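K.L.:
The structure follows.
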Amino acid sequence: MEAAIKQVETEALAHIAAAEDLAALERARQAVFGRRGLLASRLPDMKNVPPDQRPLVGRLRNEVQRAVQAAFEARRAELEKAAAEAARRAEELDVTLPGRLLRRGRKHPLTLVLEEIVDIFVGMGFTVAEGPEVELEYYNFIALNIPPDHPARDDHDSFYITDHLLLRTETSAVQIRTMEKQDPPVRIIAPGRVYRRDAVDATHTHTFHQVEGLLVDENITFGDLKGTLHSFARAMFGADVRMRFRPDHFPFTEPSAEASISCFACGGSGCGLCKQTGWIEVLGCGMVHPQVLENCGYDSERLTGYAFGMGLERLAMLKYGIPDIRLFFENDLRFLRQF
Amino acid sequence: MRIPYHWLQDYVDFDLSPEDLGEALTNRGLEVEEIYPFSQGDREEFVLDAKITPNRGDCLSLLGIAREVASLAGTKVQYPTVSLQETGGSIHDEVQVHIEAPELGPRYSARLVKGVTVGPSPEWMQARLLAGGMRPINNIVDITNYVMLETGQPLHAFDYHLLRGGQIIVRTAREGEVLVTIDGKERLLQTHHLVIADAEVPVAVAGVMGGADSEVTEQTRDVLIESAHFQPASIRRTVRELGFEVPSEAAYRFSRRVDPGGTVRAADRAAQLMAELAGGQIQHGVCDVYPQPIEPVTLTLRPERCNRLLGLNLQAEEMAAMLRSLELPVSQQDGLLVVQVPTFRGDLLREVDLIEEVARVYGYDRIPETHPLTLTAQGGLNRIQKLERRVREMLLGAGLTEINTFSLTSPTALARAGLSEEEIAGCIRMKNALSEEYSLLRPTLLPSLLETVARNVAQRIADIRVFEMGRIYRDLDRDMRNEAAIAAGRVATGRAAAQLPQPATEKRVLAGALIGTAWSATWNLDAATVQADFYEVKGLLEQLLAELRIADYEVLRCQDRAFHPGRCAELRVGGQVCGRFGEIHRDLAARYDIERRVYAFEVDLDHLFDHATDTCRFSPLPIYPPALRDIAVVVSQEVPAARLAEVIRRHAGEFLEELQVFDVYTGPGIPPGYRSIAYALTFRSSQRTLTDEEVDAAMQRIRQALESECGGRIRE
């Protein structure tokens, strides 16, 4: 009797152990615990057990049932864990595949630099003025103190449309149009396209961009010009940047200056970028010529002002280390996507 | 201007190395761009190559440079001593000079040197000329060039016997006169060109180039030295109009103004050297004709004004010393500085020019930096500039990269993009273009956009999504010519504030092109749905309109040569066409070697900005739940979706909040020529929860209307 009970236990445990997954375990559960299962059919019916043996058989029976139940629970836990693990594995992703998103477009590098400049001057209280590119000789030259056949026109070889209409050679023309319309104080920057009759090569194009600035008010000094531009240079190129002003000539400013910043690549000790000079020329500037103020109907005794101008392409080339100006206009996406 | 270092030392004492001298001159505004050794034989020399600004014609000479050096070194210029031995007869017996055009040729001084022997100039002079950038020719010509480099006064040497009648006439050219210049080229002169003529014909283009017929040769015995002053603008115009690629050294100097007071001294200096180096005999006297002498200008400098403009606090005496260091005579009267400007400084015309001289001598770098105290008003972008930034950000977000193309284009480029001859002829054209390639202002952005796409396709870039915000140019105002002349006249008469309109229409436009996808990677995505198509371009424009808060717009089918005939639409805002978009015509794309389908758009931003709404008002969030319904209708392909939407909205009643297409289907189950369009409808009231009955009633009306008005059949 005892051996028969043990035999049932052995068989039941074998059923359970043989179950490889939860479905098989369910089948094993029915085969073992079901109404006609192993335990129900093969364990001795206590009614048929002689009374003297009942305590022993009862104990054995209970032990077997407990052991089989425990084995079943253990197996179920084990298989459930395995199933969960398998399910997890099935969800697993290859995290090394490339990511996917809607790629944002890139701003043109000239826009990046322009916005930086504009934002700095806007922060100082300047507004942004614009004007036409097809311009009258009057605004481009004459009102700026450059009469016909003035030698300064050598530097402004122009595209003419008629005898007196041309593509503007500098955005300074916007200064005049602004002053004609507006009473002082005037505080503008004028960005835009300008044109010079130059053949296209690595450092020249017939089309480029400038940002001009103009401030006219009472008591504006050359020192103010230096201070404003140095503040700009610090915001644009870094807090440590130094600035140098040297005499230059523009017919529409007097005194006129050319401004350089200490080289931001080497800090001024000399490198390839600054051609070993430690300085990089960045803009032209000066005090507005009284004749220009008078041409706009301003009182040149009461009012003084300063003006400055810089080339966007040049600044962008310096800032990003771009060697060839043509890249800005070729629009190769391999170039544009770098910014 | 080439400055030979050791030669300069003949005229001024200074204790600076070539490098230090270069730095010092640059700080004075005479930018030394390069310093290089220029030794010949045992003559060691360094040349400083300086960029002289157009206002400083006086510095196109070693003596002019020496004046600047003397000022910065605190020394004085040692002018060469000119001592003449006039051993011949009177020049007046042999030469007569007449000036017929004193505005263009105010002064003419001549010397006559007889019996010269033409030959090579001495080695030291040749070396100096070479260092100064001039080629030695013969002793006579070399002397004229040497004196020009020294004094800045261009000289010309005529073979006296080749001048008919011993006459020099300074006059304008006569109709049809021609002169062969010493470079061997024939120049057809115009009647406003100034010439030097003998009794019969022109022998030189005044101040520009001498004639071949009267130049000095080895046979020359007697030399007439011309030392004159010519009006700068006239010289520059003549150079330009006679087609000289670069002005001669003489013309370059004359166009930047030569000292009218220095003619006789330069002629004397040349005569002296010809006597010394070519064995000539100087005739007695100078022919110096100067009918209306150019008087020195007197300027007054107010020290207080100078300090106020520069932001300095200098004493009047300090300023006077600075000006005197530049050989400007200064006297003080009632606290003002009165300056007699020497004729060699033609650039000093107003008080402010003297202020610049003070700043230059003082040193720009010593002027303290300050900040304008008046920076109080608010700066910022105007409405258009802000809208531009918004549009740009929106497009970047949609995955388009910004491009910048030239506004100048060619007839060929426009023809390639399909513009008609008439359209091309209407473009604004440069009258002096460098080449056809950049001769017109673009009337549309599409051609340069397609060129950009093509260039990137050629680089095998798969996904090309680009936009440009730029100007197009049209409708040149041909009458502006007169206004420009009037404006110039106003300035001439001192009348200010011309306020002239824009000469042409310059419109702000936005254009873009799409090929491929904005997805950074497309693995496991359905290729057909991620590739750009017509509806993506349309979606982009809808987004743009939403960004500008423009609700009043229409999209209508249209025809445009640039676009696929069945895939082109126009955008109307405020009832006016303001843009086109669609798929670029395959034939057009093929002309750019683009095989893939290109989707593109071009819209008038100025027009959109005019209609943009700047204000944004909050609407309360809904508190009652929505009722959602779907409906699918099978209709003929001929019925546009816009028509269905219009019918649905008209019959939906007041509570339809949103209407969305969620499926468009053709294929099995749908008869040929028909399609099924499925809509999702959202109903909602802001006052209460809608009942099923009222929503169902609305749906019933919609069903009936779709059937009766659109010939639709509702799919259940």
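In the structure tokens, chains take letters A, B, ... by order of appearance, with residues numbered from 1 within each chain and ligands from 1 in the order shown.
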Run DSSP on the backbone and tell me which residues of range 1-206 of chain B come out as helix (DSSP H, G or I); list them as JSON, numbers by chain.

P.N.:
{"B": [5, 6, 7, 8, 18, 19, 20, 21, 22, 23, 24, 25, 26, 27, 57, 58, 59, 62, 63, 64, 65, 66, 67, 68, 69, 70, 71, 72, 73, 91, 92, 93, 123, 124, 125, 126, 127, 128, 129, 130, 131, 139, 140, 141, 142, 143, 144, 145, 146, 147, 148, 149, 150, 151, 160, 161, 162, 164, 165, 166]}

K.L.:
Compile a residue-level contact table for range 109-129 of chain A against range 183-190 of chain A at a cut-off of 9 Å, reporting for every qualifying residue the shortest atom pair and its distance in Å to one decimal, with only C-alpha atoms counted, rows ordered by chain and ascending number, as JSON lines.

P.N.:
```
{"residue": "A:Val118", "atom": "CA", "partner": "A:Ile189", "partner_atom": "CA", "distance": 7.6}
{"residue": "A:Phe121", "atom": "CA", "partner": "A:Ile189", "partner_atom": "CA", "distance": 7.5}
{"residue": "A:Val122", "atom": "CA", "partner": "A:Ile189", "partner_atom": "CA", "distance": 8.6}
{"residue": "A:Gly125", "atom": "CA", "partner": "A:Arg187", "partner_atom": "CA", "distance": 7.3}
{"residue": "A:Phe126", "atom": "CA", "partner": "A:Ile188", "partner_atom": "CA", "distance": 5.0}
{"residue": "A:Thr127", "atom": "CA", "partner": "A:Ile188", "partner_atom": "CA", "distance": 4.8}
{"residue": "A:Val128", "atom": "CA", "partner": "A:Ile189", "partner_atom": "CA", "distance": 5.0}
{"residue": "A:Ala129", "atom": "CA", "partner": "A:Ala190", "partner_atom": "CA", "distance": 4.9}
```

K.L.:
Restricting the output to all heavy atoms, write the selected residues as a tab-separated table (two decimals), in the first residue's frame.

P.N.:
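What ended up in again10.tsv:
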```tsv
chain	number	residue	atom	x	y	z
A	118	VAL	N	21.78	91.48	-35.59
A	118	VAL	CA	20.54	92.25	-35.40
A	118	VAL	C	20.12	92.21	-33.93
A	118	VAL	O	19.79	93.24	-33.33
A	118	VAL	CB	19.42	91.71	-36.32
A	118	VAL	CG1	18.06	92.25	-35.89
A	118	VAL	CG2	19.70	92.10	-37.78
A	121	PHE	N	22.22	94.54	-31.72
A	121	PHE	CA	21.93	95.97	-31.85
A	121	PHE	C	20.51	96.32	-31.41
A	121	PHE	O	20.26	97.40	-30.89
A	121	PHE	CB	22.22	96.45	-33.28
A	121	PHE	CG	23.69	96.63	-33.52
A	121	PHE	CD1	24.41	95.75	-34.31
A	121	PHE	CD2	24.37	97.68	-32.91
A	121	PHE	CE1	25.77	95.90	-34.51
A	121	PHE	CE2	25.73	97.85	-33.10
A	121	PHE	CZ	26.43	96.96	-33.90
A	122	VAL	N	19.59	95.40	-31.63
A	122	VAL	CA	18.22	95.62	-31.15
A	122	VAL	C	18.26	95.76	-29.63
A	122	VAL	O	17.60	96.62	-29.04
A	122	VAL	CB	17.29	94.49	-31.62
A	122	VAL	CG1	16.03	94.45	-30.78
A	122	VAL	CG2	16.94	94.69	-33.10
A	125	GLY	N	18.96	99.13	-28.55
A	125	GLY	CA	17.98	100.16	-28.84
A	125	GLY	C	17.90	100.57	-30.30
A	125	GLY	O	17.29	101.58	-30.63
A	126	PHE	N	18.52	99.78	-31.19
A	126	PHE	CA	18.43	100.10	-32.61
A	126	PHE	C	17.18	99.43	-33.21
A	126	PHE	O	16.73	98.40	-32.72
A	126	PHE	CB	19.66	99.56	-33.35
A	126	PHE	CG	20.91	100.37	-33.12
A	126	PHE	CD1	21.61	100.27	-31.91
A	126	PHE	CD2	21.39	101.23	-34.09
A	126	PHE	CE1	22.76	101.01	-31.68
A	126	PHE	CE2	22.54	101.97	-33.87
A	126	PHE	CZ	23.23	101.86	-32.68
A	127	THR	N	16.65	100.04	-34.27
A	127	THR	CA	15.60	99.37	-35.03
A	127	THR	C	16.17	98.97	-36.38
A	127	THR	O	17.22	99.46	-36.79
A	127	THR	CB	14.38	100.28	-35.25
A	127	THR	OG1	14.82	101.48	-35.85
A	127	THR	CG2	13.69	100.61	-33.93
A	128	VAL	N	15.47	98.06	-37.06
A	128	VAL	CA	15.97	97.54	-38.32
A	128	VAL	C	15.26	98.26	-39.47
A	128	VAL	O	14.04	98.28	-39.51
A	128	VAL	CB	15.73	96.03	-38.42
A	128	VAL	CG1	16.28	95.48	-39.73
A	128	VAL	CG2	16.39	95.32	-37.23
A	129	ALA	N	16.05	98.87	-40.36
A	129	ALA	CA	15.48	99.59	-41.49
A	129	ALA	C	15.86	98.88	-42.79
A	129	ALA	O	16.90	98.23	-42.86
A	129	ALA	CB	16.00	101.02	-41.52
```

K.L.:
Could you give me, as a list in words, the residues within 9 Å of Gly426 in chain B, counting only C-alpha atoms and dropping anything in the same chain fewer than 2 positions from it?

P.N.:
Glu421, Glu422, Glu423, Ile424, Ile428, Arg429, Pro443, Arg474 and Asp475 of chain B

K.L.:
If we count only C-alpha atoms, what is near Asp593 in chain B at a cut-off of 12 Å, once residues fewer than 5 positions away on the same chain are taken out, given as a list in words?

P.N.:
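Counting only C-alpha atoms, the residues come to Arg416, Leu450, Glu451, Thr452, Val453, Ala454, Arg455, Asn456, Val457, Ala458, Gln459, Arg460, Arg586, Asp587, Leu588 and Val598 of chain B.
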
K.L.:
Pull N, CA and C atoms from the residues just selected and write them as a PDB file, in the first residue's frame.

P.N.:
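That gives us result-v8.pdb:
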```pdb
ATOM      1  N   ARG B 416      15.118  78.708 -69.720  1.00  0.00           N
ATOM      2  CA  ARG B 416      15.169  77.306 -69.317  1.00  0.00           C
ATOM      3  C   ARG B 416      14.023  76.980 -68.354  1.00  0.00           C
ATOM      4  N   LEU B 450      15.016  75.849 -58.856  1.00  0.00           N
ATOM      5  CA  LEU B 450      15.204  74.604 -59.608  1.00  0.00           C
ATOM      6  C   LEU B 450      16.692  74.338 -59.837  1.00  0.00           C
ATOM      7  N   GLU B 451      17.456  75.403 -60.067  1.00  0.00           N
ATOM      8  CA  GLU B 451      18.904  75.215 -60.226  1.00  0.00           C
ATOM      9  C   GLU B 451      19.507  74.636 -58.951  1.00  0.00           C
ATOM     10  N   THR B 452      19.053  75.135 -57.812  1.00  0.00           N
ATOM     11  CA  THR B 452      19.554  74.612 -56.536  1.00  0.00           C
ATOM     12  C   THR B 452      19.191  73.138 -56.374  1.00  0.00           C
ATOM     13  N   VAL B 453      17.935  72.804 -56.705  1.00  0.00           N
ATOM     14  CA  VAL B 453      17.520  71.404 -56.612  1.00  0.00           C
ATOM     15  C   VAL B 453      18.392  70.551 -57.525  1.00  0.00           C
ATOM     16  N   ALA B 454      18.587  71.039 -58.764  1.00  0.00           N
ATOM     17  CA  ALA B 454      19.354  70.269 -59.740  1.00  0.00           C
ATOM     18  C   ALA B 454      20.783  70.045 -59.247  1.00  0.00           C
ATOM     19  N   ARG B 455      21.372  71.093 -58.663  1.00  0.00           N
ATOM     20  CA  ARG B 455      22.748  70.977 -58.196  1.00  0.00           C
ATOM     21  C   ARG B 455      22.849  69.914 -57.108  1.00  0.00           C
ATOM     22  N   ASN B 456      21.863  69.842 -56.252  1.00  0.00           N
ATOM     23  CA  ASN B 456      21.877  68.850 -55.180  1.00  0.00           C
ATOM     24  C   ASN B 456      21.537  67.456 -55.683  1.00  0.00           C
ATOM     25  N   VAL B 457      20.633  67.384 -56.674  1.00  0.00           N
ATOM     26  CA  VAL B 457      20.338  66.082 -57.297  1.00  0.00           C
ATOM     27  C   VAL B 457      21.625  65.531 -57.909  1.00  0.00           C
ATOM     28  N   ALA B 458      22.379  66.420 -58.563  1.00  0.00           N
ATOM     29  CA  ALA B 458      23.617  65.983 -59.212  1.00  0.00           C
ATOM     30  C   ALA B 458      24.618  65.454 -58.185  1.00  0.00           C
ATOM     31  N   GLN B 459      24.498  65.908 -56.936  1.00  0.00           N
ATOM     32  CA  GLN B 459      25.373  65.406 -55.862  1.00  0.00           C
ATOM     33  C   GLN B 459      24.793  64.146 -55.234  1.00  0.00           C
ATOM     34  N   ARG B 460      23.727  63.615 -55.821  1.00  0.00           N
ATOM     35  CA  ARG B 460      23.061  62.396 -55.351  1.00  0.00           C
ATOM     36  C   ARG B 460      22.546  62.559 -53.926  1.00  0.00           C
ATOM     37  N   ARG B 586       7.011  67.571 -65.651  1.00  0.00           N
ATOM     38  CA  ARG B 586       8.101  66.603 -65.857  1.00  0.00           C
ATOM     39  C   ARG B 586       9.069  67.089 -66.928  1.00  0.00           C
ATOM     40  N   ASP B 587       8.515  67.733 -67.978  1.00  0.00           N
ATOM     41  CA  ASP B 587       9.388  68.214 -69.055  1.00  0.00           C
ATOM     42  C   ASP B 587      10.338  69.289 -68.540  1.00  0.00           C
ATOM     43  N   LEU B 588       9.805  70.131 -67.644  1.00  0.00           N
ATOM     44  CA  LEU B 588      10.641  71.195 -67.085  1.00  0.00           C
ATOM     45  C   LEU B 588      11.726  70.595 -66.186  1.00  0.00           C
ATOM     46  N   VAL B 598       9.302  66.726 -58.460  1.00  0.00           N
ATOM     47  CA  VAL B 598       9.635  67.876 -57.614  1.00  0.00           C
ATOM     48  C   VAL B 598       8.337  68.620 -57.303  1.00  0.00           C
TER      49      VAL B 598
END
```

K.L.:
Hey, which of A:Leu303, A:Ala23, A:Ala31, A:Ile142 ends up closest to chain B? Count only C-alpha atoms.

P.N.:
A:Ile142

K.L.:
If we count only C-alpha atoms, what is near Gln219 in chain B at a cut-off of 10 Å, once residues fewer than 2 positions away on the same chain are taken out, given as a VMD selection string?

P.N.:
chain B and resid 116 to 118 159 216 to 217 221 to 222

K.L.:
List the neighbours of His156 in chain A out to 8 Å using only C-alpha atoms; skip same-chain residues closer than 6 positions along the sequence, and give me the result as a ChimeraX atom specification.

P.N.:
/A:169,196-197

K.L.:
Write out as JSON, numbers by chain which residues come within 12 Å of Arg234 in chain A when counting only C-alpha atoms, dropping same-chain ones fewer than 4 positions away.

P.N.:
{"A": [117, 120, 227, 228, 229, 230, 238, 239, 240, 241, 242, 243, 261, 262, 264]}

K.L.:
Of the residues A:Arg334, A:Arg193, A:His108, A:Arg302, which is the one nearest to chain B, using only C-alpha atoms?

P.N.:
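Counting only C-alpha atoms, the residue closest to chain B is A:His108.
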
K.L.:
Compare A:Arg89, A:Asn219, A:Leu165, A:Leu293 by their minimum atom-to-atom distance to Glu304 in chain B, counting only C-alpha atoms, and give me the closest one.

P.N.:
A:Asn219

K.L.:
Quick one: pull the distance between CA of Gln531 in chain B and CA of Gly516 in chain B, Å, one decimal.

P.N.:
4.7 Å

K.L.:
For each of B:Pro342, B:Gly311, B:Pro625, B:Gly261, take the minimum atom-to-atom distance to chain A, counting only C-alpha atoms, then give the residue where this is smallest.

P.N.:
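Among B:Pro342, B:Gly311, B:Pro625, B:Gly261, it is B:Gly311 that comes nearest to chain A.
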
K.L.:
Find the residue from B:Leu434, B:Ile196, B:Val297, B:Leu510 that sits nearest to chain A; use only C-alpha atoms when measuring.

P.N.:
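For chain A, the nearest of the given residues is B:Leu434.
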
K.L.:
Taking only C-alpha atoms into account, name the residue in B:Pro368, B:Gly575, B:Pro296, B:Pro668 that is nearest to chain A.

P.N.:
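Smallest distance to chain A is found for B:Pro368.
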
K.L.:
Record the distance separating CA of Glu26 in chain A and CA of Glu73 in chain A, expressed in Å with one decimal.

P.N.:
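These atoms are spaced 11.5 Å apart.
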
K.L.:
So how many Å separate CA of Ala197 in chain B and CA of Ile168 in chain B, to one decimal?

P.N.:
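Separation of CA of Ala197 in chain B and CA of Ile168 in chain B: 5.8 Å.
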
K.L.:
DSSP on the backbone, strand (DSSP E or B) only: what residues of range 118-330 of chain A does that give? Format it as a PyMOL selection string.

P.N.:
chain A and resi 127-128+134-136+160+165-167+186-195+207-218+243-250+253-262+279-288+303-311

K.L.:
Take the residues from that selection and write them out as a compact mmCIF listing (two decimals), in the first residue's frame, keeping C-alpha atoms.

P.N.:
```txt
# COMPACT_ATOMS: atom_id res chain seq x y z
CA THR A 127 15.60 99.37 -35.03
CA VAL A 128 15.97 97.54 -38.32
CA VAL A 134 17.37 99.08 -57.26
CA GLU A 135 18.42 102.52 -56.15
CA LEU A 136 18.86 106.02 -57.44
CA TYR A 160 23.83 100.49 -63.87
CA LEU A 165 19.60 104.02 -61.58
CA LEU A 166 21.82 101.28 -60.28
CA LEU A 167 21.95 98.32 -57.95
CA VAL A 186 17.78 108.11 -35.52
CA ARG A 187 19.05 104.74 -34.43
CA ILE A 188 18.92 102.11 -37.16
CA ILE A 189 20.71 99.16 -38.57
CA ALA A 190 20.14 98.36 -42.23
CA PRO A 191 20.91 94.87 -43.44
CA GLY A 192 20.60 93.84 -47.04
CA ARG A 193 21.95 92.75 -50.37
CA VAL A 194 24.44 94.94 -52.17
CA TYR A 195 26.06 94.62 -55.58
CA THR A 207 26.29 90.07 -54.77
CA PHE A 208 26.91 90.15 -51.05
CA HIS A 209 25.29 91.31 -47.85
CA GLN A 210 26.01 94.24 -45.56
CA VAL A 211 24.77 95.51 -42.26
CA GLU A 212 24.99 99.25 -41.81
CA GLY A 213 24.37 101.12 -38.60
CA LEU A 214 23.51 104.75 -38.04
CA LEU A 215 22.98 106.75 -34.88
CA VAL A 216 22.26 110.48 -35.03
CA ASP A 217 21.44 112.59 -32.01
CA GLU A 218 22.81 115.50 -30.02
CA MET A 243 39.34 96.38 -30.63
CA ARG A 244 41.56 98.64 -32.68
CA PHE A 245 40.59 101.69 -34.73
CA ARG A 246 42.70 103.14 -37.50
CA PRO A 247 42.10 106.08 -39.82
CA ASP A 248 40.45 105.25 -43.11
CA HIS A 249 38.46 107.19 -45.66
CA PHE A 250 34.79 107.09 -46.58
CA THR A 253 32.00 109.89 -42.63
CA GLU A 254 34.60 112.20 -41.11
CA PRO A 255 36.63 111.17 -39.20
CA SER A 256 36.54 107.70 -40.73
CA ALA A 257 38.01 104.54 -39.29
CA GLU A 258 38.60 100.92 -39.99
CA ALA A 259 38.02 98.68 -36.99
CA SER A 260 39.74 95.41 -36.24
CA ILE A 261 39.19 92.92 -33.47
CA SER A 262 41.86 90.88 -31.75
CA TRP A 279 44.10 91.42 -35.75
CA ILE A 280 41.14 90.87 -38.00
CA GLU A 281 39.54 93.72 -39.89
CA VAL A 282 35.79 93.58 -39.38
CA LEU A 283 34.18 96.88 -40.23
CA GLY A 284 34.40 100.42 -41.50
CA CYS A 285 32.95 103.31 -39.53
CA GLY A 286 33.12 106.97 -38.71
CA MET A 287 31.28 110.10 -37.65
CA VAL A 288 28.53 111.02 -40.09
CA LEU A 303 23.33 116.95 -34.42
CA THR A 304 26.20 114.56 -34.72
CA GLY A 305 26.19 110.87 -35.33
CA TYR A 306 28.13 107.79 -36.21
CA ALA A 307 27.77 105.16 -38.90
CA PHE A 308 29.34 101.77 -39.42
CA GLY A 309 29.10 98.97 -41.93
CA MET A 310 30.21 95.39 -42.13
CA GLY A 311 30.06 92.53 -44.62
```
